Every structure is written in C-alpha cells, then in structure tokens.
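Next up, my_file-v5.cif (mmCIF, C-alpha atoms):
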data_input
#
loop_
_atom_site.label_atom_id
_atom_site.label_comp_id
_atom_site.auth_asym_id
_atom_site.auth_seq_id
_atom_site.Cartn_x
_atom_site.Cartn_y
_atom_site.Cartn_z
CA ILE A 29 132.34 113.32 167.22
CA GLU A 30 129.89 111.38 169.44
CA GLN A 31 132.02 108.26 169.11
CA GLU A 32 135.34 110.02 169.69
CA GLU A 33 134.13 111.99 172.72
CA CYS A 34 131.81 109.23 174.05
CA ARG A 35 129.07 111.77 174.59
CA LEU A 36 126.05 113.27 172.92
CA HIS A 37 126.29 117.01 172.37
CA TYR A 38 123.75 119.59 171.42
CA ASP A 39 124.83 123.14 170.70
CA PRO A 40 121.72 125.26 170.06
CA ILE A 41 123.71 128.09 168.47
CA GLY A 42 125.28 125.71 165.97
CA ASN A 43 121.82 124.28 165.23
CA LYS A 44 119.59 127.38 165.06
CA GLU A 45 117.45 125.86 162.32
CA HIS A 46 116.80 122.84 164.52
CA HIS A 47 115.02 124.39 167.50
CA GLU A 48 112.54 121.56 167.15
CA PRO A 49 111.34 119.06 169.76
CA GLY A 50 113.78 116.35 168.66
CA TYR A 51 116.75 118.50 169.48
CA LYS A 52 115.24 119.69 172.73
CA ASN A 53 114.82 116.06 173.86
CA ILE A 54 118.42 115.76 175.04
CA PRO A 55 117.44 116.91 178.57
CA ASN A 56 115.18 113.83 178.74
CA VAL A 57 118.14 111.43 178.50
CA ARG A 58 119.01 109.80 181.84
CA TYR A 59 121.72 107.53 183.18
CA GLY A 60 121.13 103.98 181.94
CA ASP A 61 119.08 104.94 178.88
CA PHE A 62 120.22 103.18 175.76
CA ILE A 63 120.63 104.99 172.48
CA LEU A 64 120.46 103.75 168.90
CA HIS A 65 122.59 105.96 166.66
CA ASN A 66 120.88 106.39 163.29
CA ASP A 67 122.58 107.95 160.29
CA ASN A 68 120.98 107.98 156.83
CA SER A 69 118.61 105.11 157.74
CA PHE A 70 121.36 102.93 159.19
CA ILE A 71 121.79 102.12 162.86
CA ARG A 72 125.52 102.67 163.08
CA ALA A 73 126.04 102.22 166.81
CA ILE A 74 124.42 101.68 170.17
CA SER A 75 125.34 103.30 173.43
CA VAL A 76 124.20 103.53 177.01
CA ALA A 77 124.03 106.84 178.86
CA THR A 78 126.68 106.85 181.60
CA SER A 79 125.40 110.16 182.97
CA ASP A 80 122.21 112.15 183.13
CA TYR A 81 122.24 115.08 180.74
CA TYR A 82 124.23 118.06 181.94
CA VAL A 83 124.55 121.66 180.87
CA ILE A 84 127.65 123.78 180.41
CA ARG A 85 127.22 127.51 180.15
CA LYS A 86 129.09 128.94 177.19
CA GLU A 87 131.82 131.46 177.90
CA THR A 88 130.13 133.85 175.49
CA ALA A 89 126.80 133.69 177.35
CA ARG A 90 125.09 136.99 178.02
CA GLN A 91 124.87 138.13 181.62
CA ASP A 92 121.71 140.27 181.26
CA THR A 93 118.95 137.69 180.74
CA ASP A 94 115.96 139.88 181.74
CA SER A 95 115.09 140.88 178.17
CA LEU A 96 115.85 137.53 176.52
CA SER A 97 113.34 135.04 175.18
CA PRO A 98 113.55 131.37 176.30
CA ASP A 99 115.21 130.51 172.97
CA ASP A 100 117.88 133.16 173.57
CA ILE A 101 118.62 131.72 177.00
CA TRP A 102 118.62 128.20 175.50
CA ASP A 103 121.36 129.40 173.10
CA ASP A 104 123.67 130.27 176.02
CA TYR A 105 124.32 126.63 176.90
CA ASP A 106 125.68 123.39 175.49
CA PHE A 107 123.89 120.16 176.47
CA TYR A 108 125.76 116.87 176.97
CA VAL A 109 125.20 113.23 177.90
CA ASP A 110 128.14 110.91 178.51
CA VAL A 111 127.74 107.51 176.83
CA SER A 112 129.44 104.20 176.30
CA PHE A 113 129.66 103.77 172.54
CA VAL A 114 129.77 100.53 170.53
CA GLU A 115 129.92 100.70 166.76
CA LEU A 116 127.84 98.22 164.76
CA ASP A 117 129.92 97.00 161.86
CA PRO A 118 128.15 96.23 159.63
CA SER A 119 125.39 98.74 160.33
CA LEU A 120 121.72 97.75 160.39
CA ASN A 121 119.78 99.07 157.39
CA ILE A 122 116.49 100.37 158.81
CA ARG A 123 114.96 100.30 155.32
CA SER A 124 114.89 96.52 155.59
CA CYS A 125 112.71 96.90 158.73
CA ARG A 126 110.26 99.50 157.41
CA THR A 127 107.36 97.13 156.78
CA TRP A 128 107.52 95.83 160.34
CA LEU A 129 107.85 99.38 161.72
CA MET A 130 104.82 100.53 159.65
CA ASN A 131 102.73 97.55 160.80
CA HIS A 132 103.69 98.20 164.44
CA HIS A 133 103.52 101.99 164.33
CA ASP A 134 103.65 103.81 167.65
CA SER A 135 103.15 107.58 167.45
CA LYS A 136 105.34 108.06 170.53
CA SER A 137 108.29 106.26 168.98
CA ALA A 138 111.18 107.38 166.79
CA PHE A 139 109.55 106.28 163.53
CA ASP A 140 106.81 107.87 161.48
CA VAL A 141 103.81 106.04 159.94
CA THR A 142 105.91 105.06 156.91
CA GLY A 143 108.57 103.41 159.10
CA LYS A 144 111.14 106.14 158.47
CA PRO A 145 113.14 107.61 161.36
CA LYS A 146 111.82 110.95 162.57
CA GLU A 147 113.97 114.02 162.21
CA PRO A 148 115.83 115.68 163.80
CA TYR A 149 118.22 114.15 166.31
CA ILE A 150 116.90 112.58 169.52
CA HIS A 151 113.54 110.82 169.79
CA ARG A 152 112.26 108.31 172.28
CA ILE A 153 111.93 104.80 170.83
CA ALA A 154 109.22 102.35 171.82
CA ASP A 155 110.54 99.28 173.63
CA THR A 156 108.96 96.98 171.03
CA HIS A 157 110.72 98.88 168.22
CA ALA A 158 114.04 98.79 170.04
CA ALA A 159 113.76 95.08 170.77
CA TYR A 160 112.89 94.29 167.16
CA LEU A 161 115.73 96.39 165.72
CA LEU A 162 118.26 94.94 168.14
CA GLN A 163 117.13 91.39 167.33
CA MET A 164 117.62 92.24 163.65
CA ALA A 165 121.09 93.59 164.48
CA LEU A 166 121.98 90.26 166.09
CA LYS A 167 121.47 88.63 162.68
CA LEU A 168 124.37 90.70 161.34
CA PRO A 169 127.94 89.35 161.44
CA LEU A 170 128.89 91.62 164.37
CA ASN A 171 132.16 91.48 166.26
CA GLU A 172 132.00 89.98 169.76
CA LYS A 173 131.98 93.35 171.57
CA ALA A 174 129.06 94.65 169.50
CA LYS A 175 127.14 91.36 169.80
CA GLN A 176 127.58 91.41 173.61
CA ALA A 177 126.42 95.06 173.83
CA VAL A 178 123.32 94.32 171.74
CA MET A 179 122.45 91.27 173.82
CA GLU A 180 122.82 93.26 177.07
CA VAL A 181 120.45 95.95 175.80
CA ILE A 182 117.92 93.33 174.62
CA ASP A 183 118.03 91.71 178.06
CA GLU A 184 117.46 95.10 179.70
CA VAL A 185 114.51 95.90 177.41
CA LYS A 186 112.96 92.49 178.12
CA ALA A 187 113.45 92.95 181.86
CA GLN A 188 111.69 96.32 181.74
CA THR A 189 108.79 95.29 179.52
CA LEU A 190 107.88 91.70 180.41
CA PRO A 191 105.81 90.86 183.47
CA ASP A 192 107.84 89.17 186.22
CA GLU A 193 106.22 85.78 185.61
CA GLN A 194 107.45 85.77 182.01
#
Could I get this structure in the form of structure tokens?
Amino acid sequence: IEQEECRLHYDPIGNKEHHEPGYKNIPNVRYGDFILHNDNSFIRAISVATSDYYVIRKETARQDTDSLSPDDIWDDYDFYVDVSFVELDPSLNIRSCRTWLMNHHDSKSAFDVTGKPKEPYIHRIADTHAAYLLQMALKLPLNEKAKQAVMEVIDEVKAQTLPDEQ
C-alpha cells in the first residue's frame, strides 16, 4: 500500500494493539527525511518524504471530545506522509549486517542491541547505521534507478554528518 500510494499511513483504529512509541513516531517525519522500508529483516525499499506529516480527521470522528482520553482523540485521525518510493530489487538482508549493527549499537537508532530491527513501524535510524546499510545495498545488483536513489541518500547523509572540511 505504501508503494502504490507513495505515502506512509498510520490508522490508529486499525492498529489498536500498536499504540506504542514506534507507531506514534509518524508525526516526527518531515519533508526531506529518508526512509528505509524494512519487512521481515529485509530492506525492501527506500523513500524520501515529499511532505511533512499531515493529519486527516476521519468522517466517523466524535464531535464531543471533552470526556475522551488522548488515545481516544488519537483514534479520530489518520496520519500520512507523502514519499517518493524506490524499490530495492533484490532487497538487502539485514541479518547479514547484524554483527556490524551489534558492534556499533546506538540506543537511539532503529536496531536493538542484537542488531535486529525494533518493532513496531517507524523508528529513527542513526546516520552511521543508515550510511552502512545503504553502502551494503550498493553492493547488490540494483537497477539504475535504485542505485541512483541509494547514492543520493548516501551523499545527503555524508553532507549532514561530515564536517565541512571533510
């Protein structure tokens, strides 16, 4: 659905069991952020946010919000981020990167101490982790569009993290 619609979508009502921080991170996504799409320990695609997150009130939303908890109000909306979407074919197997991710653990990144992706849904990724994973993706036999997208994101990460003199 993300690929077809070129947007991330979070519907709290459809994900009641996932009222966890990962799902509530979608409002932190901003225009220009890049996203690695993980599915079953494979990075299947990369995208860049082409909008800040935005909220659409559901037609079924309740009008009387005085007696509702914050989670009830949260359920009245859908959250979206428009993205450009480039599929990685073949996908990058994160399991092959686990040792590196464990040795370079960052508690604020999208991977736990064992190098496994955190659950659920959206987590911030450390620049060093993103750069490493994207460099590993470049070793795959990617099509030209995917290779170009990966190289652009690597260049952006380097520009943001390296001192000007480097």
Selected residue of minimal separation from A:Ile182 among A:Val76, A:Val114, A:Ala159, A:Met164, counting all atoms listed in the file: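 Closest candidate: A:Ala159.
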Within 7 Å of A:Ser75 using all atoms listed in the file, minus same-chain residues under 2 positions, as a ChimeraX atom specification: /A:62-64,73,77,111-114
Let me have the centre and edge lengths of the axis-aligned box enclosing all listed atoms of stretch 139-142 of chain A with 4 Å padding on every side, in Å to one decimal, as JSON.
{"center_x": 106.7, "center_y": 106.5, "center_z": 160.2, "size_x": 13.7, "size_y": 10.8, "size_z": 14.6}
Neighbouring residues of A:Ala165 were defined as those with any atom within 10 Å, considering only C-alpha atoms; residues of the same chain fewer than 2 positions away were excluded. Please report them as a list in words. Ile71, Leu116, Asp117, Pro118, Ser119, Leu120, Asn121, Ile122, Ala159, Tyr160, Leu161, Leu162, Gln163, Lys167, Leu168, Pro169, Leu170, Ala174, Lys175, Val178 and Met179 of chain A
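Atom CA of A:Lys186 to atom CA of A:Tyr59 spans 18.1 Å [interatomic distance, one decimal].
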So which one's closest to A:Ala158, A:Lys144, A:Tyr81, A:Asn171, A:Ile74? Using all atoms listed in the file, please.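 Looking at the shortest contact to A:Ala158, the residue is A:Ile74.
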Spatial neighbours of A:Tyr38, max dist 7 Å, all atoms listed in the file, sep filter under 2 positions, as a PyMOL selection string: chain A and resi 36+40+106-108
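Distance annotation: of A:Glu147, A:Glu30, A:Asp155, A:Glu172, the residue with the minimal separation from A:Val185 is A:Asp155; atom set is all atoms listed in the file.
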Can you tell me how far atom CA of A:His157 sits from atom CA of A:Val83, in Å to one decimal? 29.5 Å
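Under the PyMOL selection byres ((chain A and resi 153) around 6), the matching residues in the shown file are Ser137, Ala138, Arg152 and Ala154 of chain A.
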Let me make sure I understand: among A:Glu184, A:Glu32, A:Asp67, A:Asp104, which one has the smallest atom-to-atom distance to A:Ile84 if we use all atoms listed in the file?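 So, comparing all the options, the nearest one is A:Asp104.
What the PyMOL selection byres ((chain A and resi 140) around 12) matches in the given file is Arg126, Thr127, Leu129, Met130, Asn131, His132, His133, Asp134, Ser135, Lys136, Ser137, Ala138, Phe139, Val141, Thr142, Gly143, Lys144, Pro145, Lys146, Glu147, His151, Ile153, Ala154 and His157 of chain A.
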Take the residues from that selection and write them out as a short mmCIF file (atom, residue, chain, number, x, y, z; two decimals), in the coordinates of the input, keeping C-alpha atoms.
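After the write, part_14.cif holds the following:
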data_model
loop_
_atom_site.label_atom_id
_atom_site.label_comp_id
_atom_site.auth_asym_id
_atom_site.auth_seq_id
_atom_site.Cartn_x
_atom_site.Cartn_y
_atom_site.Cartn_z
CA ARG A 126 110.26 99.50 157.41
CA THR A 127 107.36 97.13 156.78
CA LEU A 129 107.85 99.38 161.72
CA MET A 130 104.82 100.53 159.65
CA ASN A 131 102.73 97.55 160.80
CA HIS A 132 103.69 98.20 164.44
CA HIS A 133 103.52 101.99 164.33
CA ASP A 134 103.65 103.81 167.65
CA SER A 135 103.15 107.58 167.45
CA LYS A 136 105.34 108.06 170.53
CA SER A 137 108.29 106.26 168.98
CA ALA A 138 111.18 107.38 166.79
CA PHE A 139 109.55 106.28 163.53
CA VAL A 141 103.81 106.04 159.94
CA THR A 142 105.91 105.06 156.91
CA GLY A 143 108.57 103.41 159.10
CA LYS A 144 111.14 106.14 158.47
CA PRO A 145 113.14 107.61 161.36
CA LYS A 146 111.82 110.95 162.57
CA GLU A 147 113.97 114.02 162.21
CA HIS A 151 113.54 110.82 169.79
CA ILE A 153 111.93 104.80 170.83
CA ALA A 154 109.22 102.35 171.82
CA HIS A 157 110.72 98.88 168.22
#
Nearest to A:Tyr149, chosen from A:Arg35, A:Arg85, A:His65, A:Arg58, with all atoms listed in the file counted in the distances: A:His65
Between atom CA of A:Asn68 and atom CA of A:Ser124, what is the distance in Å, rounded to a tenth? 13.0 Å
Pick from A:Thr156, A:Asn56, A:Asn66, A:Gln176: nearest to A:Tyr82, with all atoms listed in the file counted?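 Nearest candidate to A:Tyr82 out of A:Thr156, A:Asn56, A:Asn66, A:Gln176: A:Asn56.
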